Amino acid sequence: MNELLEKLLSLGGKEVLIPEDVPNDMVQLGRLYEYPVLKPVGGTSRYFISKEEDVRVVWGFVLDEDDVWKMHSWLVAKNRELILDNEEYRKYYGLVKA
């Protein structure tokens, strides 16, 4: 977990909330997602169902306005947009859920 903590803090922020069940490959396979954000009307679930072949679920961490990394998931589209159903965050780090 220390390696993930160091990785996230090197990208910014002051604190990381890490649960116990984070996959070991989050550090090696995770990446920073620096794409524009789209907030679909009706939420990400409906968006995913209607465009399932064009989006992937990303699982990882987001950096909030308080400079705290916390677990979160979001969608990433083939056209390189992040799709969220709630607030926008400062940074996104994660890996595509298999």
# chains A, B, ... in the order shown; residues from 1 in each chain; ligands from 1
>>> residues_around(residues="Gln28 (chain A)", least_positions_apart="3", cutoff="10 Å", atoms="only C-alpha atoms", output="list in words")
Glu3, Leu4, Lys7, Asn24, Asp25, Arg31 and Leu95 of chain A
>>> residues_around(residues="Tyr93 (chain A)", least_positions_apart="5", cutoff="8 Å", atoms="only C-alpha atoms", output="number ranges by chain")
A: 8, 30-33, 60-62
>>> residues_around(residues="Ser73 (chain A)", least_positions_apart="5", cutoff="12 Å", atoms="only C-alpha atoms", output="list of chain:residue names")
A:Thr44, A:Ser45, A:Arg56, A:Val57, A:Val58, A:Trp59, A:Gly60, A:Phe61, A:Val62, A:Leu82, A:Ile83, A:Leu84, A:Asp85, A:Asn86, A:Tyr89, A:Tyr92, A:Tyr93, A:Gly94, A:Leu95, A:Val96, A:Lys97
>>> select_by_dssp(residues="chain A", states="helix (DSSP H, G or I)", output="list of chain:residue names")
A:Asn2, A:Glu3, A:Leu4, A:Leu5, A:Glu6, A:Lys7, A:Leu8, A:Leu9, A:Ser10, A:Leu11, A:Met26, A:Val27, A:Gln28, A:Leu29, A:Thr44, A:Ser45, A:Arg46, A:Tyr47, A:Phe48, A:Ile49, A:Ser50, A:Glu52, A:Glu53, A:Asp54
>>> select_by_dssp(residues="region 17-75 of chain A", states="strand (DSSP E or B)", output="VMD selection string")
chain A and resid 31 to 32 37 to 38 55 to 63 68 to 75
>>> residues_around(residues="region 10-22 of chain A", least_positions_apart="2", cutoff="8 Å", atoms="only C-alpha atoms", output="PyMOL selection string")
chain A and resi 1+5-8+24+26+63+67-71
>>> atom_distance(atom1="CA of Glu65 (chain A)", atom2="CA of Gly43 (chain A)")
21.7 Å
>>> closest_residue(among="A:Glu53, A:Asp64, A:Lys78, A:Asn2", to="Tyr35 (chain A)", atoms="only C-alpha atoms")
A:Lys78
>>> atom_distance(atom1="CA of Asp66 (chain A)", atom2="CA of Phe48 (chain A)")
28.9 Å
>>> residues_around(residues="Arg46 (chain A)", least_positions_apart="4", cutoff="12 Å", atoms="only C-alpha atoms", output="list in words")
Lys39, Pro40, Val41, Gly42, Ser50, Lys51, Glu52, Val55, Leu75, Ile83, Leu84 and Asp85 of chain A
>>> atom_distance(atom1="CA of Val27 (chain A)", atom2="CA of Leu9 (chain A)")
12.2 Å
